[in-house]
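Trainee: Pasting start32.cif here (mmCIF, C-alpha atoms):
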```cif
data_work
loop_
_atom_site.label_atom_id
_atom_site.label_comp_id
_atom_site.auth_asym_id
_atom_site.auth_seq_id
_atom_site.Cartn_x
_atom_site.Cartn_y
_atom_site.Cartn_z
CA MET A 18 160.47 116.46 142.48
CA VAL A 19 158.16 119.17 141.19
CA ILE A 20 157.74 119.27 137.44
CA LEU A 21 156.58 122.42 135.70
CA ARG A 22 153.77 122.36 133.17
CA SER A 23 156.34 122.35 130.42
CA ASN A 24 155.88 120.90 126.97
CA THR A 25 158.63 118.28 126.98
CA ILE A 26 161.22 117.22 129.53
CA ALA A 27 164.22 114.88 129.38
CA VAL A 28 165.81 113.49 132.56
CA ILE A 29 169.13 111.61 132.27
CA GLY A 30 171.45 110.27 134.98
CA LYS A 31 172.67 107.26 136.92
CA THR A 32 171.02 105.06 139.55
CA ALA A 33 172.06 105.25 143.21
CA ASP A 34 174.09 102.02 142.95
CA ALA A 35 175.94 103.45 139.92
CA LYS A 36 175.18 100.26 137.98
CA LYS A 37 172.60 101.64 135.57
CA ALA A 38 172.13 104.62 133.31
CA ALA A 39 168.62 105.96 133.72
CA PHE A 40 166.50 108.32 131.75
CA ALA A 41 162.95 109.55 131.51
CA TYR A 42 161.36 111.38 128.63
CA PHE A 43 157.88 112.75 128.80
CA ILE A 44 155.58 114.94 126.78
CA MET A 45 152.98 117.39 127.98
CA GLY A 46 150.12 119.02 126.12
CA ARG A 47 148.53 122.43 126.45
CA SER A 48 146.30 122.10 123.39
CA ALA A 49 143.87 119.36 122.35
CA ASN A 50 146.17 118.61 119.40
CA SER A 51 149.19 118.07 121.68
CA ARG A 52 147.21 115.99 124.16
CA ASN A 53 145.94 113.65 121.45
CA ARG A 54 149.11 111.52 121.51
CA VAL A 55 150.59 108.28 122.80
CA PHE A 56 154.06 106.75 122.91
CA VAL A 57 154.56 103.65 120.76
CA GLU A 58 157.69 101.48 120.55
CA ARG A 59 158.40 100.18 117.07
CA ASP A 60 161.52 99.00 115.21
CA ASN A 61 163.75 99.65 118.24
CA ALA A 62 162.63 103.27 118.39
CA LEU A 63 160.05 105.35 120.25
CA PHE A 64 157.44 107.35 118.36
CA THR A 65 154.73 109.82 119.22
CA GLU A 66 151.54 108.82 117.45
CA PRO A 67 147.97 110.16 117.42
CA PHE A 68 145.61 108.57 119.92
CA ASP A 69 142.63 109.48 117.73
CA ALA A 70 143.74 110.08 114.15
CA SER A 71 140.42 111.74 113.29
CA LYS A 72 141.17 114.59 115.72
CA VAL A 73 144.66 115.50 114.48
CA GLU A 74 144.83 119.17 113.53
CA ASP A 75 148.50 119.60 112.57
CA PRO A 76 150.93 116.67 112.85
CA SER A 77 154.05 118.60 111.79
CA LEU A 78 155.44 119.40 115.25
CA ILE A 79 153.82 116.74 117.42
CA ILE A 80 154.41 113.47 115.53
CA TYR A 81 158.03 112.31 115.34
CA ALA A 82 160.59 109.70 116.39
CA ALA A 83 161.39 110.68 119.97
CA LEU A 84 164.07 108.05 120.52
CA ARG A 85 166.47 106.24 118.21
CA GLU A 86 169.64 104.19 118.68
CA HIS A 87 172.89 104.74 116.80
CA GLU A 88 176.03 102.69 117.45
CA ASN A 89 174.88 101.76 120.97
CA LYS A 90 174.08 105.36 121.79
CA LEU A 91 170.55 106.52 122.51
CA ILE A 92 169.34 109.79 121.02
CA VAL A 93 166.21 111.38 122.47
CA THR A 94 164.63 114.69 121.43
CA ASN A 95 161.36 116.61 121.35
CA GLY A 96 161.09 116.73 117.55
CA ASP A 97 162.28 115.50 114.20
CA GLN A 98 165.84 116.57 115.07
CA THR A 99 166.16 112.98 116.36
CA ASP A 100 166.58 111.97 112.73
CA THR A 101 168.87 114.94 112.05
CA ILE A 102 171.24 113.78 114.79
CA VAL A 103 171.20 110.12 113.71
CA GLU A 104 171.82 111.03 110.06
CA GLY A 105 174.56 113.49 111.01
CA MET A 106 176.38 111.00 113.20
CA ALA A 107 176.09 108.34 110.49
CA ASN A 108 177.97 110.80 108.25
CA GLY A 109 180.73 111.44 110.77
CA LEU A 110 179.38 114.51 112.53
CA SER A 111 179.26 114.88 116.30
CA PHE A 112 176.07 115.26 118.33
CA SER A 113 176.54 119.03 118.56
CA ASP A 114 177.62 119.51 114.95
CA SER A 115 174.58 117.57 113.76
CA LEU A 116 172.36 120.13 115.48
CA ARG A 117 174.02 123.14 113.85
CA SER A 118 171.58 122.87 110.96
CA ARG A 119 168.54 123.13 113.26
CA GLU A 120 166.88 125.88 115.26
CA PHE A 121 163.91 126.26 117.61
CA GLU A 122 160.48 125.23 116.37
CA PRO A 123 158.69 127.64 113.98
CA ASP A 124 155.63 127.99 116.21
CA GLY A 125 155.67 131.73 116.99
CA PRO A 126 155.13 133.51 119.25
CA ASN A 127 156.41 130.76 121.60
CA TYR A 128 159.20 129.43 119.35
CA THR A 129 159.38 126.22 121.36
CA PRO A 130 162.99 125.25 122.08
CA ARG A 131 164.34 122.03 120.64
CA ILE A 132 165.80 119.89 123.41
CA SER A 133 167.99 116.86 122.71
CA GLY A 134 170.00 114.29 124.63
CA ILE A 135 172.42 111.48 123.88
CA ILE A 136 173.43 108.65 126.22
CA ALA A 137 176.59 106.56 125.77
CA PRO A 138 176.93 102.92 126.89
CA ASP A 139 179.08 103.97 129.88
CA GLY A 140 176.30 106.23 131.19
CA SER A 141 177.89 109.51 130.16
CA PHE A 142 175.52 111.88 128.40
CA LYS A 143 175.01 115.22 126.72
CA LEU A 144 172.08 117.61 126.64
CA SER A 145 171.28 120.43 124.26
CA ILE A 146 168.74 123.22 123.90
CA LEU A 147 168.24 125.41 120.84
CA LYS A 148 166.08 128.45 121.57
CA SER A 149 165.22 131.87 120.27
CA ALA A 150 166.93 134.99 121.61
CA ASP A 151 164.38 135.82 124.32
CA GLY A 152 161.55 135.35 121.85
CA ASP A 153 163.30 137.03 118.91
CA PRO A 154 163.29 134.50 116.03
CA SER A 155 166.03 136.34 114.14
CA CYS A 156 168.66 134.73 116.39
CA CYS A 157 169.11 131.18 117.69
CA HIS A 158 170.95 130.54 120.96
CA ARG A 159 172.59 127.10 121.14
CA PHE A 160 173.59 125.49 124.42
CA PHE A 161 175.35 122.13 124.90
CA TYR A 162 176.07 120.41 128.22
CA THR A 163 178.39 117.42 128.69
CA TYR A 164 178.37 115.05 131.66
CA ASP A 165 181.34 112.70 131.26
CA LYS A 166 181.12 111.10 134.70
CA PRO A 167 177.61 111.48 136.12
CA LEU A 168 177.44 110.86 139.85
CA ALA A 169 175.48 107.96 141.31
CA GLY A 170 171.89 108.79 142.16
CA GLU A 171 171.92 112.07 140.25
CA ALA A 172 170.26 113.18 137.04
CA ARG A 173 169.92 116.36 135.06
CA PHE A 174 166.72 117.49 133.46
CA ILE A 175 166.06 120.07 130.81
CA HIS A 176 162.69 121.29 129.63
CA THR A 177 161.21 123.55 127.02
CA TYR A 178 159.49 126.26 129.07
CA MET A 179 160.09 127.90 132.45
CA GLY A 180 156.39 128.16 133.24
CA ASP A 181 153.29 129.95 132.07
CA GLY A 182 153.23 133.20 130.11
CA ASN A 183 152.25 134.72 126.80
CA PRO A 184 154.43 134.01 124.97
CA LEU A 185 155.73 131.06 126.98
CA PRO A 186 159.20 131.78 128.43
CA SER A 187 161.93 129.41 127.24
CA PHE A 188 164.02 127.36 129.66
CA GLU A 189 166.96 129.27 131.14
CA GLY A 190 170.17 128.24 132.90
CA GLU A 191 171.93 124.90 133.26
CA PRO A 192 169.99 121.62 133.27
CA GLU A 193 168.52 121.15 136.73
CA LEU A 194 169.70 118.58 139.27
CA VAL A 195 167.30 115.88 140.50
CA ALA A 196 167.68 112.59 142.36
CA ILE A 197 167.12 109.10 140.93
CA GLU A 198 165.78 106.91 143.71
CA GLY A 199 164.63 103.31 143.84
CA ASP A 200 164.10 100.79 141.06
CA ILE A 201 162.60 101.53 137.65
CA ASP A 202 159.02 101.17 138.83
CA THR A 203 159.55 103.43 141.84
CA PHE A 204 161.19 106.05 139.66
CA THR A 205 158.54 105.77 136.93
CA ASN A 206 155.68 106.19 139.39
CA MET A 207 157.41 109.09 141.11
CA VAL A 208 157.86 110.98 137.85
CA TRP A 209 154.34 110.29 136.58
CA GLU A 210 152.70 111.29 139.86
CA ASN A 211 154.61 114.58 139.91
CA LEU A 212 153.59 115.64 136.42
CA ASN A 213 150.85 118.22 136.05
CA GLU A 214 147.64 116.20 135.91
CA GLU A 215 145.95 118.41 133.33
CA ASN A 216 148.83 118.56 130.87
CA LYS A 217 150.65 115.22 131.15
CA VAL A 218 150.38 112.98 128.10
CA SER A 219 153.00 110.19 128.00
CA LEU A 220 156.08 108.99 129.87
CA PHE A 221 158.95 106.75 128.76
CA VAL A 222 161.54 105.43 131.25
CA ARG A 223 164.52 103.17 130.63
CA PHE A 224 167.17 101.77 132.99
CA ILE A 225 170.26 100.38 131.21
CA ASP A 226 172.81 98.06 132.87
CA ILE A 227 176.15 99.77 132.18
CA GLU A 228 178.13 96.52 132.28
CA THR A 229 175.91 94.31 130.12
CA GLY A 230 173.77 96.72 128.12
CA ALA A 231 170.59 94.93 129.21
CA TYR A 232 167.69 97.28 129.82
CA GLU A 233 164.19 97.64 131.20
CA THR A 234 161.59 100.01 129.79
CA ARG A 235 158.33 101.42 131.10
CA ILE A 236 155.75 103.41 129.13
CA ILE A 237 152.72 105.19 130.53
CA ASN A 238 150.13 106.78 128.23
CA LYS A 239 147.36 108.89 129.72
CA ASN A 240 145.27 108.09 126.66
CA LYS A 241 144.38 104.40 126.75
#
```
I'd like the structure from this file rewritten - as structure tokens, please.

Mentor:
Amino acid sequence: MVILRSNTIAVIGKTADAKKAAFAYFIMGRSANSRNRVFVERDNALFTEPFDASKVEDPSLIIYAALREHENKLIVTNGDQTDTIVEGMANGLSFSDSLRSREFEPDGPNYTPRISGIIAPDGSFKLSILKSADGDPSCCHRFFYTYDKPLAGEARFIHTYMGDGNPLPSFEGEPELVAIEGDIDTFTNMVWENLNEENKVSLFVRFIDIETGAYETRIINKNK
């Protein structure tokens, strides 16, 4: 599993025994501001927070609720659209309709895509990416992917950038296929070890028992 030096990546799927939904969410950092972060669990949600508050340059696009729960569904994103989705669904909108009010991030010239995922109790999930039209901020391209019956041992991952460049090229194509192998610790270590050493910041992994809803969580922060 080779992970690009992308900004943020979400991996969602099902374990090899088909008994658990599994997902990993991790953040990367190219700038000192982006690298100055940790994951913190609080109030049944996951937040990005500054590691050293005195070194924060601009919190607007790097500090947010990365994961929230709504009606037994988990919503995970790379920005404050987490709250947009939760609020929209609370008002009767669907996952995709909730995102119609949002676009890519206003951080030209890269215009970082907004990536989002939602996981249902039965392990089914959806992924979304909102990105500029090949770097043109006058148009937003919206893509939504639905996986009603994910296969055992398989996951899909979607990320913000395809690789290096100036400006950075946005992710293209369908979410990529990867394998989920072993227990939560095996999977967590595998993901963390395959992240770019220079840019990796934090990793969150959760395995959820589809029958009972019980779950295990692992968090790794490079900043300690």

Trainee: Take the PyMOL selection byres ((chain A and resi 165-173) around 10), run it mentally on this structure, and tell me the resulting residues as a ChimeraX atom specification.

Mentor: /A:27-41,137,139-144,162-164,174-175,191-199

Trainee: If we count all atoms listed in the file, what is near Thr25 (chain A) at a cut-off of 8 Å, once residues fewer than 3 positions away on the same chain are taken out, given as an MDAnalysis selection string?

Mentor: chainID A and resid 42:45 95 176:177

Trainee: Take the PyMOL selection byres ((chain A and resi 119) around 10), run it mentally on this structure, and tell me the resulting residues as an mmCIF file with C-alpha atoms, in the coordinates of the input.

Mentor:
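Okay, result.cif is ready:
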```
data_model
loop_
_atom_site.group_PDB
_atom_site.id
_atom_site.type_symbol
_atom_site.label_atom_id
_atom_site.label_comp_id
_atom_site.auth_asym_id
_atom_site.auth_seq_id
_atom_site.Cartn_x
_atom_site.Cartn_y
_atom_site.Cartn_z
ATOM 1 C CA ASP A 97 162.280 115.500 114.200
ATOM 2 C CA GLN A 98 165.840 116.570 115.070
ATOM 3 C CA THR A 101 168.870 114.940 112.050
ATOM 4 C CA ILE A 102 171.240 113.780 114.790
ATOM 5 C CA ASP A 114 177.620 119.510 114.950
ATOM 6 C CA SER A 115 174.580 117.570 113.760
ATOM 7 C CA LEU A 116 172.360 120.130 115.480
ATOM 8 C CA ARG A 117 174.020 123.140 113.850
ATOM 9 C CA SER A 118 171.580 122.870 110.960
ATOM 10 C CA GLU A 120 166.880 125.880 115.260
ATOM 11 C CA PHE A 121 163.910 126.260 117.610
ATOM 12 C CA GLU A 122 160.480 125.230 116.370
ATOM 13 C CA ARG A 131 164.340 122.030 120.640
ATOM 14 C CA LEU A 147 168.240 125.410 120.840
ATOM 15 C CA CYS A 157 169.110 131.180 117.690
ATOM 16 C CA ARG A 159 172.590 127.100 121.140
#
```

Trainee: Write out as a ChimeraX atom specification the residues lying within 8 Å of Pro138 (chain A), counting all atoms listed in the file and excluding same-chain residues fewer than 3 positions away.

Mentor: /A:89-90,141,227,230

Trainee: Please compute the CA of Asn240 (chain A)-CA of Glu58 (chain A) distance, one decimal, in Å.

Mentor: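 For CA of Asn240 (chain A) relative to CA of Glu58 (chain A), the distance reads 15.3 Å.
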
Trainee: Just so the selection is clear, what residues does the PyMOL selection byres ((chain A and resi 65) around 12) cover here, as a JSON list (two decimals) with C-alpha atoms, keeping the file's coordinate frame?

Mentor:
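Saved the output as expr_12.json:
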```json
[["chain", "number", "residue", "atom", "x", "y", "z"],
["A", 42, "TYR", "CA", 161.36, 111.38, 128.63],
["A", 43, "PHE", "CA", 157.88, 112.75, 128.80],
["A", 44, "ILE", "CA", 155.58, 114.94, 126.78],
["A", 45, "MET", "CA", 152.98, 117.39, 127.98],
["A", 51, "SER", "CA", 149.19, 118.07, 121.68],
["A", 52, "ARG", "CA", 147.21, 115.99, 124.16],
["A", 53, "ASN", "CA", 145.94, 113.65, 121.45],
["A", 54, "ARG", "CA", 149.11, 111.52, 121.51],
["A", 55, "VAL", "CA", 150.59, 108.28, 122.80],
["A", 56, "PHE", "CA", 154.06, 106.75, 122.91],
["A", 57, "VAL", "CA", 154.56, 103.65, 120.76],
["A", 58, "GLU", "CA", 157.69, 101.48, 120.55],
["A", 59, "ARG", "CA", 158.40, 100.18, 117.07],
["A", 62, "ALA", "CA", 162.63, 103.27, 118.39],
["A", 63, "LEU", "CA", 160.05, 105.35, 120.25],
["A", 64, "PHE", "CA", 157.44, 107.35, 118.36],
["A", 66, "GLU", "CA", 151.54, 108.82, 117.45],
["A", 67, "PRO", "CA", 147.97, 110.16, 117.42],
["A", 68, "PHE", "CA", 145.61, 108.57, 119.92],
["A", 76, "PRO", "CA", 150.93, 116.67, 112.85],
["A", 77, "SER", "CA", 154.05, 118.60, 111.79],
["A", 78, "LEU", "CA", 155.44, 119.40, 115.25],
["A", 79, "ILE", "CA", 153.82, 116.74, 117.42],
["A", 80, "ILE", "CA", 154.41, 113.47, 115.53],
["A", 81, "TYR", "CA", 158.03, 112.31, 115.34],
["A", 82, "ALA", "CA", 160.59, 109.70, 116.39],
["A", 83, "ALA", "CA", 161.39, 110.68, 119.97],
["A", 84, "LEU", "CA", 164.07, 108.05, 120.52],
["A", 94, "THR", "CA", 164.63, 114.69, 121.43],
["A", 95, "ASN", "CA", 161.36, 116.61, 121.35],
["A", 96, "GLY", "CA", 161.09, 116.73, 117.55],
["A", 97, "ASP", "CA", 162.28, 115.50, 114.20],
["A", 218, "VAL", "CA", 150.38, 112.98, 128.10],
["A", 219, "SER", "CA", 153.00, 110.19, 128.00],
["A", 220, "LEU", "CA", 156.08, 108.99, 129.87],
["A", 221, "PHE", "CA", 158.95, 106.75, 128.76],
["A", 236, "ILE", "CA", 155.75, 103.41, 129.13],
["A", 238, "ASN", "CA", 150.13, 106.78, 128.23]]
```

Trainee: What is the CA of Glu189 (chain A) to CA of Ile26 (chain A) distance in Å?

Mentor: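 Going from CA of Glu189 (chain A) over to CA of Ile26 (chain A), I get 13.4 Å.
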
Trainee: Take CA of Glu215 (chain A) and CA of Asn50 (chain A) and report the distance between them in Å, one decimal.

Mentor: 13.9 Å

Trainee: Is it possible to dump region 85-200 of chain A as a compact mmCIF listing (two decimals), in the first residue's frame, including just C-alpha atoms?

Mentor:
```
# COMPACT_ATOMS: atom_id res chain seq x y z
CA ARG A 85 -18.88 13.37 13.93
CA GLU A 86 -21.73 10.90 14.49
CA HIS A 87 -25.32 11.43 13.38
CA GLU A 88 -28.05 8.84 13.89
CA ASN A 89 -25.52 5.99 14.11
CA LYS A 90 -23.78 7.14 10.96
CA LEU A 91 -20.20 8.39 10.98
CA ILE A 92 -19.30 11.45 8.94
CA VAL A 93 -15.63 12.13 8.23
CA THR A 94 -14.19 14.98 6.16
CA ASN A 95 -11.09 17.10 5.64
CA GLY A 96 -12.69 20.38 6.73
CA ASP A 97 -15.58 22.16 8.36
CA GLN A 98 -17.99 20.53 5.89
CA THR A 99 -18.29 17.84 8.59
CA ASP A 100 -20.61 20.24 10.38
CA THR A 101 -22.35 21.18 7.12
CA ILE A 102 -23.24 17.52 6.52
CA VAL A 103 -24.41 16.89 10.09
CA GLU A 104 -26.56 20.03 10.11
CA GLY A 105 -27.98 19.25 6.68
CA MET A 106 -28.91 15.69 7.61
CA ALA A 107 -30.48 16.92 10.86
CA ASN A 108 -32.73 19.08 8.65
CA GLY A 109 -33.73 16.22 6.36
CA LEU A 110 -31.14 16.58 3.61
CA SER A 111 -29.13 13.68 2.24
CA PHE A 112 -25.35 13.39 2.45
CA SER A 113 -24.94 14.61 -1.13
CA ASP A 114 -27.55 17.37 -0.90
CA SER A 115 -25.90 18.69 2.25
CA LEU A 116 -22.69 19.20 0.28
CA ARG A 117 -24.35 21.18 -2.52
CA SER A 118 -23.74 24.37 -0.58
CA ARG A 119 -19.98 23.75 -0.38
CA GLU A 120 -17.07 23.91 -2.81
CA PHE A 121 -13.32 23.26 -2.77
CA GLU A 122 -11.20 25.16 -0.27
CA PRO A 123 -10.40 28.82 -1.08
CA ASP A 124 -6.63 28.31 -0.94
CA GLY A 125 -5.60 29.23 -4.50
CA PRO A 126 -3.71 28.32 -6.54
CA ASN A 127 -4.15 24.74 -5.23
CA TYR A 128 -7.87 24.97 -4.40
CA THR A 129 -7.63 21.90 -2.20
CA PRO A 130 -10.53 19.51 -2.83
CA ARG A 131 -12.98 18.83 -0.04
CA ILE A 132 -13.26 15.08 0.54
CA SER A 133 -16.02 13.55 2.66
CA GLY A 134 -17.27 10.12 3.67
CA ILE A 135 -20.22 8.63 5.52
CA ILE A 136 -20.44 5.12 6.99
CA ALA A 137 -23.74 3.41 7.85
CA PRO A 138 -24.15 0.82 10.64
CA ASP A 139 -24.33 -2.02 8.08
CA GLY A 140 -20.90 -1.08 6.69
CA SER A 141 -22.16 0.54 3.50
CA PHE A 142 -20.56 3.89 2.75
CA LYS A 143 -20.34 6.88 0.44
CA LEU A 144 -17.44 9.06 -0.60
CA SER A 145 -17.41 12.52 -2.14
CA ILE A 146 -14.92 14.96 -3.60
CA LEU A 147 -15.59 18.59 -4.49
CA LYS A 148 -12.83 20.09 -6.63
CA SER A 149 -12.11 22.93 -8.98
CA ALA A 150 -12.33 22.49 -12.75
CA ASP A 151 -8.68 21.58 -13.37
CA GLY A 152 -7.56 24.50 -11.22
CA ASP A 153 -10.19 26.96 -12.49
CA PRO A 154 -12.06 28.27 -9.40
CA SER A 155 -14.98 29.55 -11.48
CA CYS A 156 -16.41 26.02 -11.64
CA CYS A 157 -16.81 23.28 -9.02
CA HIS A 158 -16.89 19.62 -10.04
CA ARG A 159 -18.83 17.40 -7.63
CA PHE A 160 -18.37 13.63 -7.50
CA PHE A 161 -20.25 11.15 -5.29
CA TYR A 162 -19.56 7.42 -4.97
CA THR A 163 -21.85 4.89 -3.29
CA TYR A 164 -20.81 1.45 -2.02
CA ASP A 165 -23.97 -0.34 -0.88
CA LYS A 166 -22.39 -3.76 -0.37
CA PRO A 167 -18.63 -3.42 0.13
CA LEU A 168 -16.78 -6.69 -0.33
CA ALA A 169 -14.92 -8.36 2.52
CA GLY A 170 -11.30 -7.33 2.82
CA GLU A 171 -11.65 -4.39 0.45
CA ALA A 172 -11.61 -0.66 0.98
CA ARG A 173 -11.71 2.44 -1.15
CA PHE A 174 -9.56 5.46 -0.55
CA ILE A 175 -9.82 8.98 -1.84
CA HIS A 176 -7.30 11.75 -1.38
CA THR A 177 -6.90 15.41 -2.11
CA TYR A 178 -3.93 15.53 -4.49
CA MET A 179 -2.50 13.21 -7.14
CA GLY A 180 1.09 14.09 -6.28
CA ASP A 181 3.49 16.98 -6.42
CA GLY A 182 3.18 19.98 -8.72
CA ASN A 183 2.67 23.72 -8.77
CA PRO A 184 -0.21 24.09 -8.38
CA LEU A 185 -0.88 20.70 -6.81
CA PRO A 186 -2.99 18.49 -9.11
CA SER A 187 -6.33 17.43 -7.63
CA PHE A 188 -7.30 13.77 -7.25
CA GLU A 189 -8.74 12.23 -10.43
CA GLY A 190 -10.79 9.12 -11.17
CA GLU A 191 -12.73 6.75 -8.94
CA PRO A 192 -11.68 6.10 -5.34
CA GLU A 193 -8.82 3.62 -5.39
CA LEU A 194 -9.05 0.00 -4.26
CA VAL A 195 -6.89 -1.23 -1.36
CA ALA A 196 -6.91 -4.29 0.90
CA ILE A 197 -7.78 -4.37 4.60
CA GLU A 198 -5.67 -7.06 6.23
CA GLY A 199 -5.28 -8.25 9.80
CA ASP A 200 -6.66 -6.82 13.03
```
